[in-house]
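K.L.:
Submitted below is the structure of interest, expressed as C-alpha cells.
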Amino acid sequence: LAQAKKYLPQSEKFPAQGCLFNEAETLVDIGPSDDEPEMETVTYTRKRGRKPINPDLPREVIEYDLADDEKTCPCCQGQLHAVGVESSEQLDIIPKQVKVLRHERKKYACRHCENHGEGS
C-alpha cells in the first residue's frame, strides 16, 4: 500500500476545489460598480535610449571614406556621390584625460541609378 501511494498516479481532485477559481463568474454576477473609473490615464512617459554625451568634452573626428576606385556604381559604372553621413560617438577615457571619438562613415549613391529607377 505504501509503494502504491508513492508510485501510482495521484489524483489532485477534491470536491472543495471546484469553487476555488470562479472569481470571473462572481464578478460577472455582481456587475461593474458606478464609483469605479472606467478609463485610466497614464501620467508618465518612458525615456528611451542613452543620455547624450556632454557636449563640452573635446571631440576627435575619425572619418571613414571609400577609396576613389570604389566610388563607381557597379550597375552603370557612373560616379557615386555622398548622400549622408552615419555617425556614432564613443567615450574614450585615458587616465587624467577624457575625450569623445566621433566615427563618421560616409554613405554613397549613384545619381544615374536614382533617376532611372535601377537598383544599386
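Starting from 1 in every chain, residues are counted up; chains themselves are A, B, ... following the order of the C-alpha cells, and ligands are numbered from 1 as listed.
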May I have the residues within 10 Å of range 65-78 of chain A as an NGL selection string, using only C-alpha atoms and disregarding those fewer than 2 positions away in the same chain?
P.N.:
:A and (62-63 or 80-82 or 104-113 or 118-120)
K.L.:
Those same residues - C-alpha atoms - I'd like them written as a PDB file, in the first residue's frame.
P.N.:
```pdb
ATOM      1  CA  ILE A  62      37.562  59.902 -37.333  1.00  0.00           C
ATOM      2  CA  GLU A  63      36.305  59.744 -40.944  1.00  0.00           C
ATOM      3  CA  LEU A  80      28.849  57.769 -56.785  1.00  0.00           C
ATOM      4  CA  HIS A  81      28.064  60.892 -54.767  1.00  0.00           C
ATOM      5  CA  ALA A  82      27.832  61.293 -50.982  1.00  0.00           C
ATOM      6  CA  GLU A 104      31.729  59.206 -39.316  1.00  0.00           C
ATOM      7  CA  ARG A 105      31.044  56.800 -42.168  1.00  0.00           C
ATOM      8  CA  LYS A 106      30.068  58.399 -45.475  1.00  0.00           C
ATOM      9  CA  LYS A 107      27.221  56.862 -47.475  1.00  0.00           C
ATOM     10  CA  TYR A 108      27.202  56.950 -51.273  1.00  0.00           C
ATOM     11  CA  ALA A 109      24.618  56.526 -54.033  1.00  0.00           C
ATOM     12  CA  CYS A 110      24.580  56.743 -57.831  1.00  0.00           C
ATOM     13  CA  ARG A 111      22.635  59.671 -59.326  1.00  0.00           C
ATOM     14  CA  HIS A 112      22.122  57.871 -62.642  1.00  0.00           C
ATOM     15  CA  CYS A 113      20.541  54.817 -60.993  1.00  0.00           C
ATOM     16  CA  GLU A 118      17.659  50.963 -61.427  1.00  0.00           C
ATOM     17  CA  GLY A 119      18.813  49.156 -58.283  1.00  0.00           C
ATOM     18  CA  SER A 120      22.214  49.947 -56.882  1.00  0.00           C
TER      19      SER A 120
END
```
K.L.:
So which one's closest to Val98 in chain A, A:Leu57, A:Gln79, A:Val85, A:Tyr64? Using only C-alpha atoms, please.
P.N.:
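Under the stated criterion, the closest residue is A:Leu57.
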K.L.:
What is the distance between CA of Arg102 in chain A and CA of Pro52 in chain A, in Å to one decimal?
P.N.:
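These two atoms are separated by 12.7 Å.
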